[in-house]
Amino acid sequence: MYRGWMCCGQLRSPACTSKSARNLVREDRRHEGACPCYTPRMIKLDLRGKRVLVTGSAMGIGAGIAAVLAEAGGHVIGVDVDAAAGRAVVNSIESAGGSAEFIELDLREVEAVEALGDRLASTTPHLDAVVNNAGVAYFGGISETQPEDWNQLMAVDLRAPYLVTRTCLKLLEAAEDASVVNIASVHSVMTVATMTAYAAAKGGVAAMTRSLAQELGPRGVRVNTVSPGFVDTPLFRAWLDSEPDPEASLARVLSIIPTGRIATPREIGQVVAFLVSDLARSISGVNLMVDGALTTRLMH
């Protein structure tokens, strides 16, 4: 929520002659008490009336994104291969007073994904946003990564965002101001050894975003990438538990993040909610790092 002030019916109007009103920026708080025409102006992140598709909505970052979008007033259409977990997220949203529905879908199945657009068109006239969040991770160097491993990862992490955006394009174009948010990773710009396939996929997502932003902008669709760093998800916790010394591994991770903290799925959701809102109508083609400044560091 952004707080500004209204003076004499106009934002920062010169019509008010109080001294504090003339010093607009530095003495805003003084103006509040000194000027009888002062009226608070609140700008809210409001997604009421917006319909948002979120892939990989059943757990982790996807569940956090779905929850925040619903809390902001959006209607969430969750998509995931895990039906039980996906419906549990919908039930949680509805119990909190939000609006959501769930579609079971395996994003590795090309024909099923391509049919998603027609399936949605039968129940909704438009989509305001698509959040391509679903992803899988694979840890392995080039010698260990078999072609099938590569293909399976690319099917979900890179091909699925392309297919989902493509099949939903008509519904997006039917909205007044639509957007696509692709969830990538800090590995889209910097990476480590033994994550060749994952880094290639996330780098591809960021590159696809840049191209689509140019192609779809004239058609009323903004396209952005969000690249999280370390996020407190079940996958992250499972990795920690697999380490010989989980506490030492966590301390090492925190030591390389300038802010010294791990993000939460809801925090990623808050960034996504902003990008799909009307507050971000001039933002397109960016790769937004949500990593506590991790990618600003030169390791030495």
# chains A, B, ... in the order shown; residues from 1 in each chain; ligands from 1
$ residues_around --residues "segment 131-137 of chain A" --least-positions-apart "3" --cutoff "10 Å" --atoms "only C-alpha atoms" --output "VMD selection string"
chain A and resid 52 to 59 61 to 63 65 to 66 78 to 81 107 140 152 to 158 160 to 162 164 to 165 179 to 184 195 197 to 199 201 to 202 205 223 to 226 235 272 to 273 276
$ residues_around --residues "Leu216 of chain A" --least-positions-apart "4" --cutoff "12 Å" --atoms "only C-alpha atoms" --output "JSON list (two decimals) with all heavy atoms, in the first residue's frame"
[["chain", "number", "residue", "atom", "x", "y", "z"],
["A", 165, "THR", "N", 1.70, -20.49, -22.48],
["A", 165, "THR", "CA", 1.50, -19.12, -22.98],
["A", 165, "THR", "C", 0.85, -19.14, -24.36],
["A", 165, "THR", "O", -0.08, -18.36, -24.64],
["A", 165, "THR", "CB", 2.84, -18.37, -23.05],
["A", 165, "THR", "OG1", 3.44, -18.35, -21.75],
["A", 165, "THR", "CG2", 2.65, -16.94, -23.54],
["A", 166, "ARG", "N", 1.29, -20.03, -25.19],
["A", 166, "ARG", "CA", 0.77, -20.13, -26.56],
["A", 166, "ARG", "C", -0.71, -20.51, -26.57],
["A", 166, "ARG", "O", -1.52, -19.89, -27.28],
["A", 166, "ARG", "CB", 1.59, -21.16, -27.33],
["A", 166, "ARG", "CG", 1.28, -21.29, -28.82],
["A", 166, "ARG", "CD", 2.31, -22.19, -29.48],
["A", 166, "ARG", "NE", 2.10, -22.28, -30.90],
["A", 166, "ARG", "CZ", 1.37, -23.24, -31.50],
["A", 166, "ARG", "NH1", 0.79, -24.18, -30.76],
["A", 166, "ARG", "NH2", 1.25, -23.26, -32.81],
["A", 169, "LEU", "N", -3.00, -17.64, -25.25],
["A", 169, "LEU", "CA", -2.78, -16.32, -25.82],
["A", 169, "LEU", "C", -4.08, -15.60, -26.20],
["A", 169, "LEU", "O", -4.24, -14.40, -25.92],
["A", 169, "LEU", "CB", -1.86, -16.42, -27.04],
["A", 169, "LEU", "CG", -1.37, -15.09, -27.63],
["A", 169, "LEU", "CD1", -0.75, -14.21, -26.55],
["A", 169, "LEU", "CD2", -0.39, -15.34, -28.76],
["A", 170, "LYS", "N", -5.02, -16.30, -26.81],
["A", 170, "LYS", "CA", -6.28, -15.64, -27.19],
["A", 170, "LYS", "C", -7.04, -15.14, -25.98],
["A", 170, "LYS", "O", -7.64, -14.06, -26.00],
["A", 170, "LYS", "CB", -7.14, -16.61, -28.01],
["A", 170, "LYS", "CG", -6.61, -16.89, -29.41],
["A", 170, "LYS", "CD", -7.55, -17.81, -30.18],
["A", 170, "LYS", "CE", -7.02, -18.07, -31.59],
["A", 170, "LYS", "NZ", -7.93, -18.98, -32.35],
["A", 172, "LEU", "N", -5.66, -14.25, -23.14],
["A", 172, "LEU", "CA", -4.92, -13.10, -22.64],
["A", 172, "LEU", "C", -5.21, -11.85, -23.46],
["A", 172, "LEU", "O", -5.40, -10.75, -22.92],
["A", 172, "LEU", "CB", -3.42, -13.41, -22.66],
["A", 172, "LEU", "CG", -2.91, -14.42, -21.63],
["A", 172, "LEU", "CD1", -1.50, -14.87, -21.99],
["A", 172, "LEU", "CD2", -2.93, -13.82, -20.23],
["A", 173, "GLU", "N", -5.26, -12.02, -24.77],
["A", 173, "GLU", "CA", -5.53, -10.87, -25.65],
["A", 173, "GLU", "C", -6.94, -10.33, -25.45],
["A", 173, "GLU", "O", -7.21, -9.16, -25.74],
["A", 173, "GLU", "CB", -5.32, -11.28, -27.11],
["A", 173, "GLU", "CG", -3.87, -11.50, -27.47],
["A", 173, "GLU", "CD", -3.70, -11.95, -28.92],
["A", 173, "GLU", "OE1", -4.43, -12.85, -29.36],
["A", 173, "GLU", "OE2", -2.83, -11.38, -29.60],
["A", 177, "ASP", "N", -5.79, -5.56, -20.01],
["A", 177, "ASP", "CA", -4.34, -5.44, -19.82],
["A", 177, "ASP", "C", -3.87, -6.74, -19.20],
["A", 177, "ASP", "O", -4.09, -7.00, -18.02],
["A", 177, "ASP", "CB", -3.99, -4.26, -18.90],
["A", 177, "ASP", "CG", -2.51, -4.23, -18.57],
["A", 177, "ASP", "OD1", -1.70, -4.12, -19.51],
["A", 177, "ASP", "OD2", -2.15, -4.33, -17.38],
["A", 178, "ALA", "N", -3.23, -7.58, -19.99],
["A", 178, "ALA", "CA", -2.86, -8.92, -19.53],
["A", 178, "ALA", "C", -1.35, -9.01, -19.33],
["A", 178, "ALA", "O", -0.58, -8.18, -19.82],
["A", 178, "ALA", "CB", -3.32, -9.96, -20.53],
["A", 179, "SER", "N", -0.95, -10.04, -18.62],
["A", 179, "SER", "CA", 0.48, -10.23, -18.42],
["A", 179, "SER", "C", 0.82, -11.70, -18.24],
["A", 179, "SER", "O", -0.02, -12.51, -17.83],
["A", 179, "SER", "CB", 0.99, -9.43, -17.22],
["A", 179, "SER", "OG", 0.50, -9.96, -16.01],
["A", 180, "VAL", "N", 2.06, -12.02, -18.55],
["A", 180, "VAL", "CA", 2.62, -13.34, -18.32],
["A", 180, "VAL", "C", 3.82, -13.15, -17.39],
["A", 180, "VAL", "O", 4.64, -12.26, -17.62],
["A", 180, "VAL", "CB", 3.08, -14.00, -19.64],
["A", 180, "VAL", "CG1", 3.79, -15.33, -19.35],
["A", 180, "VAL", "CG2", 1.90, -14.21, -20.56],
["A", 208, "MET", "N", 13.37, -16.18, -23.53],
["A", 208, "MET", "CA", 12.04, -16.24, -24.14],
["A", 208, "MET", "C", 11.21, -15.04, -23.70],
["A", 208, "MET", "O", 10.47, -14.45, -24.50],
["A", 208, "MET", "CB", 11.35, -17.55, -23.77],
["A", 208, "MET", "CG", 9.95, -17.69, -24.35],
["A", 208, "MET", "SD", 9.25, -19.35, -24.07],
["A", 208, "MET", "CE", 9.14, -19.37, -22.28],
["A", 209, "THR", "N", 11.33, -14.68, -22.42],
["A", 209, "THR", "CA", 10.59, -13.52, -21.90],
["A", 209, "THR", "C", 10.94, -12.26, -22.67],
["A", 209, "THR", "O", 10.06, -11.48, -23.05],
["A", 209, "THR", "CB", 10.89, -13.32, -20.40],
["A", 209, "THR", "OG1", 10.32, -14.40, -19.65],
["A", 209, "THR", "CG2", 10.34, -12.00, -19.89],
["A", 210, "ARG", "N", 12.22, -12.04, -22.91],
["A", 210, "ARG", "CA", 12.65, -10.83, -23.61],
["A", 210, "ARG", "C", 12.07, -10.75, -25.01],
["A", 210, "ARG", "O", 11.66, -9.68, -25.47],
["A", 210, "ARG", "CB", 14.18, -10.76, -23.66],
["A", 210, "ARG", "CG", 14.85, -10.57, -22.29],
["A", 210, "ARG", "CD", 16.32, -10.22, -22.43],
["A", 210, "ARG", "NE", 17.09, -11.32, -23.00],
["A", 210, "ARG", "CZ", 17.66, -12.28, -22.28],
["A", 210, "ARG", "NH1", 17.52, -12.31, -20.96],
["A", 210, "ARG", "NH2", 18.39, -13.22, -22.86],
["A", 211, "SER", "N", 12.03, -11.88, -25.69],
["A", 211, "SER", "CA", 11.48, -11.90, -27.04],
["A", 211, "SER", "C", 9.96, -11.74, -27.04],
["A", 211, "SER", "O", 9.40, -10.96, -27.82],
["A", 211, "SER", "CB", 11.87, -13.21, -27.73],
["A", 211, "SER", "OG", 11.38, -13.24, -29.06],
["A", 212, "LEU", "N", 9.30, -12.46, -26.13],
["A", 212, "LEU", "CA", 7.84, -12.38, -26.07],
["A", 212, "LEU", "C", 7.36, -10.99, -25.66],
["A", 212, "LEU", "O", 6.31, -10.53, -26.11],
["A", 212, "LEU", "CB", 7.29, -13.42, -25.10],
["A", 212, "LEU", "CG", 7.26, -14.87, -25.58],
["A", 212, "LEU", "CD1", 6.77, -15.78, -24.47],
["A", 212, "LEU", "CD2", 6.36, -15.00, -26.81],
["A", 220, "GLY", "N", -1.17, -6.14, -26.28],
["A", 220, "GLY", "CA", -1.76, -5.90, -24.97],
["A", 220, "GLY", "C", -1.35, -6.88, -23.89],
["A", 220, "GLY", "O", -2.03, -7.00, -22.87],
["A", 221, "VAL", "N", -0.23, -7.56, -24.09],
["A", 221, "VAL", "CA", 0.22, -8.56, -23.11],
["A", 221, "VAL", "C", 1.65, -8.23, -22.68],
["A", 221, "VAL", "O", 2.56, -8.20, -23.51],
["A", 221, "VAL", "CB", 0.16, -9.99, -23.68],
["A", 221, "VAL", "CG1", 0.61, -11.00, -22.62],
["A", 221, "VAL", "CG2", -1.23, -10.32, -24.19],
["A", 222, "ARG", "N", 1.83, -7.98, -21.41],
["A", 222, "ARG", "CA", 3.17, -7.77, -20.86],
["A", 222, "ARG", "C", 3.77, -9.12, -20.46],
["A", 222, "ARG", "O", 3.05, -10.04, -20.07],
["A", 222, "ARG", "CB", 3.11, -6.87, -19.61],
["A", 222, "ARG", "CG", 2.64, -5.46, -19.90],
["A", 222, "ARG", "CD", 2.60, -4.61, -18.65],
["A", 222, "ARG", "NE", 1.57, -5.04, -17.71],
["A", 222, "ARG", "CZ", 1.79, -5.64, -16.55],
["A", 222, "ARG", "NH1", 3.04, -5.92, -16.18],
["A", 222, "ARG", "NH2", 0.80, -5.98, -15.75],
["A", 223, "VAL", "N", 5.09, -9.23, -20.54],
["A", 223, "VAL", "CA", 5.77, -10.49, -20.19],
["A", 223, "VAL", "C", 7.00, -10.17, -19.34],
["A", 223, "VAL", "O", 7.84, -9.37, -19.75],
["A", 223, "VAL", "CB", 6.19, -11.29, -21.44],
["A", 223, "VAL", "CG1", 6.68, -12.68, -21.04],
["A", 223, "VAL", "CG2", 5.03, -11.40, -22.44],
["A", 224, "ASN", "N", 7.08, -10.79, -18.18],
["A", 224, "ASN", "CA", 8.21, -10.57, -17.28],
["A", 224, "ASN", "C", 8.70, -11.89, -16.69],
["A", 224, "ASN", "O", 7.96, -12.88, -16.67],
["A", 224, "ASN", "CB", 7.81, -9.63, -16.14],
["A", 224, "ASN", "CG", 7.58, -8.21, -16.61],
["A", 224, "ASN", "OD1", 8.50, -7.52, -17.04],
["A", 224, "ASN", "ND2", 6.32, -7.77, -16.55],
["A", 284, "SER", "N", 7.63, -4.43, -18.51],
["A", 284, "SER", "CA", 7.60, -5.60, -19.37],
["A", 284, "SER", "C", 9.02, -5.88, -19.87],
["A", 284, "SER", "O", 9.80, -4.97, -20.11],
["A", 284, "SER", "CB", 6.67, -5.38, -20.57],
["A", 284, "SER", "OG", 6.47, -6.59, -21.29],
["A", 285, "GLY", "N", 9.33, -7.16, -19.99],
["A", 285, "GLY", "CA", 10.62, -7.57, -20.52],
["A", 285, "GLY", "C", 11.73, -7.65, -19.49],
["A", 285, "GLY", "O", 12.89, -7.85, -19.86]]
$ select_by_dssp --residues "segment 131-228 of chain A" --states "helix (DSSP H, G or I)" --output "PyMOL selection string"
chain A and resi 147-173+186-188+196-219
$ residues_around --residues "Thr124 of chain A" --least-positions-apart "5" --cutoff "10 Å" --atoms "only C-alpha atoms" --output "PyMOL selection string"
chain A and resi 51+118-119+171
$ write_last_selection --atoms "C-alpha atoms" --output "compact mmCIF listing (two decimals), in the first residue's frame"
# COMPACT_ATOMS: atom_id res chain seq x y z
CA ARG A 51 -8.43 -14.25 -13.42
CA ASP A 118 -9.98 -24.50 -25.29
CA ARG A 119 -10.80 -26.02 -21.92
CA LEU A 171 -7.69 -15.48 -23.68
$ residues_around --residues "Gly292 of chain A" --least-positions-apart "6" --cutoff "8 Å" --atoms "only C-alpha atoms" --output "MDAnalysis selection string"
chainID A and resid 229 257:263
$ select_by_dssp --residues "segment 87-279 of chain A" --states "strand (DSSP E or B)" --output "ChimeraX atom specification"
/A:99-104,129-132,140,178-183,195,221-228,231,263
$ write_last_selection --atoms "N, CA and C atoms" --output "tab-separated table (two decimals), in the first residue's frame"
chain	number	residue	atom	x	y	z
A	99	SER	N	-11.04	-16.97	-3.88
A	99	SER	CA	-11.69	-17.65	-4.99
A	99	SER	C	-10.65	-18.41	-5.80
A	100	ALA	N	-10.90	-19.71	-6.00
A	100	ALA	CA	-9.92	-20.52	-6.74
A	100	ALA	C	-10.57	-21.76	-7.29
A	101	GLU	N	-9.91	-22.33	-8.29
A	101	GLU	CA	-10.31	-23.62	-8.84
A	101	GLU	C	-9.05	-24.36	-9.25
A	102	PHE	N	-9.19	-25.64	-9.54
A	102	PHE	CA	-8.01	-26.45	-9.83
A	102	PHE	C	-8.20	-27.29	-11.08
A	103	ILE	N	-7.14	-27.40	-11.87
A	103	ILE	CA	-7.12	-28.25	-13.06
A	103	ILE	C	-5.95	-29.22	-12.95
A	104	GLU	N	-6.23	-30.48	-12.98
A	104	GLU	CA	-5.16	-31.47	-12.96
A	104	GLU	C	-4.58	-31.60	-14.37
A	129	ALA	N	-3.92	-12.97	-16.47
A	129	ALA	CA	-2.50	-13.27	-16.29
A	129	ALA	C	-2.26	-14.77	-16.31
A	130	VAL	N	-1.08	-15.13	-16.75
A	130	VAL	CA	-0.59	-16.51	-16.68
A	130	VAL	C	0.74	-16.48	-15.93
A	131	VAL	N	0.85	-17.30	-14.90
A	131	VAL	CA	2.08	-17.42	-14.15
A	131	VAL	C	2.66	-18.80	-14.40
A	132	ASN	N	3.72	-18.85	-15.19
A	132	ASN	CA	4.38	-20.11	-15.52
A	132	ASN	C	5.40	-20.42	-14.42
A	140	GLY	N	23.23	-32.57	-11.66
A	140	GLY	CA	24.12	-33.50	-12.32
A	140	GLY	C	24.95	-32.81	-13.38
A	178	ALA	N	-3.23	-7.58	-19.99
A	178	ALA	CA	-2.86	-8.92	-19.53
A	178	ALA	C	-1.35	-9.01	-19.33
A	179	SER	N	-0.95	-10.04	-18.62
A	179	SER	CA	0.48	-10.23	-18.42
A	179	SER	C	0.82	-11.70	-18.24
A	180	VAL	N	2.06	-12.02	-18.55
A	180	VAL	CA	2.62	-13.34	-18.32
A	180	VAL	C	3.82	-13.15	-17.39
A	181	VAL	N	3.89	-13.96	-16.35
A	181	VAL	CA	5.04	-13.95	-15.46
A	181	VAL	C	5.67	-15.33	-15.49
A	182	ASN	N	6.90	-15.40	-15.94
A	182	ASN	CA	7.64	-16.65	-15.99
A	182	ASN	C	8.57	-16.75	-14.79
A	183	ILE	N	8.42	-17.80	-14.02
A	183	ILE	CA	9.29	-17.99	-12.86
A	183	ILE	C	10.53	-18.75	-13.30
A	195	MET	N	24.85	-28.22	-12.66
A	195	MET	CA	23.45	-27.85	-12.88
A	195	MET	C	23.25	-27.40	-14.32
A	221	VAL	N	-0.23	-7.56	-24.09
A	221	VAL	CA	0.22	-8.56	-23.11
A	221	VAL	C	1.65	-8.23	-22.68
A	222	ARG	N	1.83	-7.98	-21.41
A	222	ARG	CA	3.17	-7.77	-20.86
A	222	ARG	C	3.77	-9.12	-20.46
A	223	VAL	N	5.09	-9.23	-20.54
A	223	VAL	CA	5.77	-10.49	-20.19
A	223	VAL	C	7.00	-10.17	-19.34
A	224	ASN	N	7.08	-10.79	-18.18
A	224	ASN	CA	8.21	-10.57	-17.28
A	224	ASN	C	8.70	-11.89	-16.69
A	225	THR	N	9.93	-11.88	-16.21
A	225	THR	CA	10.51	-13.02	-15.51
A	225	THR	C	10.75	-12.63	-14.06
A	226	VAL	N	10.47	-13.54	-13.16
A	226	VAL	CA	10.88	-13.41	-11.76
A	226	VAL	C	11.87	-14.52	-11.47
A	227	SER	N	13.04	-14.16	-10.98
A	227	SER	CA	14.09	-15.13	-10.72
A	227	SER	C	14.41	-15.19	-9.23
A	228	PRO	N	13.83	-16.15	-8.52
A	228	PRO	CA	14.11	-16.26	-7.09
A	228	PRO	C	15.50	-16.83	-6.84
A	231	VAL	N	14.77	-20.08	-1.57
A	231	VAL	CA	13.41	-19.91	-1.05
A	231	VAL	C	13.09	-21.07	-0.12
A	263	ALA	N	14.22	-16.29	1.38
A	263	ALA	CA	12.89	-15.78	1.03
A	263	ALA	C	11.82	-16.83	1.33
$ closest_residue --among "A:Leu294, A:Ala238, A:Ala115, A:Ala67" --to "Glu94 of chain A" --atoms "only C-alpha atoms"
A:Ala67
$ residues_around --residues "Gly49 of chain A" --least-positions-apart "3" --cutoff "9 Å" --atoms "only C-alpha atoms" --output "list in words"
Asp46, Gly73, Gly74, His75 and Asp128 of chain A
$ write_last_selection --atoms "all heavy atoms" --output "short mmCIF file (atom, residue, chain, number, x, y, z; two decimals), in the first residue's frame"
data_model
loop_
_atom_site.label_atom_id
_atom_site.label_comp_id
_atom_site.auth_asym_id
_atom_site.auth_seq_id
_atom_site.Cartn_x
_atom_site.Cartn_y
_atom_site.Cartn_z
N ASP A 46 -4.78 -4.21 -5.99
CA ASP A 46 -6.13 -4.76 -6.06
C ASP A 46 -6.27 -5.64 -7.30
O ASP A 46 -6.17 -5.17 -8.42
CB ASP A 46 -7.14 -3.62 -6.10
CG ASP A 46 -8.58 -4.09 -5.96
OD1 ASP A 46 -8.81 -5.32 -5.96
OD2 ASP A 46 -9.46 -3.23 -5.86
N GLY A 73 -7.51 -10.50 -4.10
CA GLY A 73 -8.81 -10.42 -4.76
C GLY A 73 -8.92 -11.14 -6.08
O GLY A 73 -9.99 -11.15 -6.69
N GLY A 74 -7.83 -11.74 -6.54
CA GLY A 74 -7.88 -12.44 -7.83
C GLY A 74 -8.53 -13.80 -7.73
O GLY A 74 -8.58 -14.42 -6.66
N HIS A 75 -9.04 -14.26 -8.86
CA HIS A 75 -9.54 -15.63 -8.96
C HIS A 75 -8.42 -16.48 -9.53
O HIS A 75 -7.93 -16.24 -10.64
CB HIS A 75 -10.76 -15.72 -9.88
CG HIS A 75 -11.22 -17.13 -10.10
ND1 HIS A 75 -11.90 -17.85 -9.15
CD2 HIS A 75 -11.06 -17.97 -11.16
CE1 HIS A 75 -12.16 -19.07 -9.61
NE2 HIS A 75 -11.65 -19.16 -10.83
N ASP A 128 -6.50 -12.72 -17.27
CA ASP A 128 -5.75 -11.49 -17.04
C ASP A 128 -4.26 -11.75 -16.89
O ASP A 128 -3.44 -10.85 -17.13
CB ASP A 128 -6.29 -10.78 -15.79
CG ASP A 128 -7.72 -10.34 -15.99
OD1 ASP A 128 -7.94 -9.29 -16.62
OD2 ASP A 128 -8.63 -11.05 -15.54
#
$ closest_residue --among "A:Met42, A:Ile256, A:Ile93, A:Ala251" --to "Gly64 of chain A" --atoms "only C-alpha atoms"
A:Ile93
$ closest_residue --among "A:Arg108, A:Ala84, A:Met289, A:Asp232" --to "Arg266 of chain A" --atoms "only C-alpha atoms"
A:Asp232
$ atom_distance --atom1 "atom CA of His187 of chain A" --atom2 "atom CA of Gly203 of chain A"
7.0 Å
$ atom_distance --atom1 "atom CA of Ile283 of chain A" --atom2 "atom CA of Val271 of chain A"
12.4 Å
$ atom_distance --atom1 "atom CA of Leu279 of chain A" --atom2 "atom CA of Cys168 of chain A"
22.7 Å
$ closest_residue --among "A:Gly60, A:Thr167, A:Thr196, A:Ile142" --to "Val113 of chain A" --atoms "only C-alpha atoms"
A:Thr167
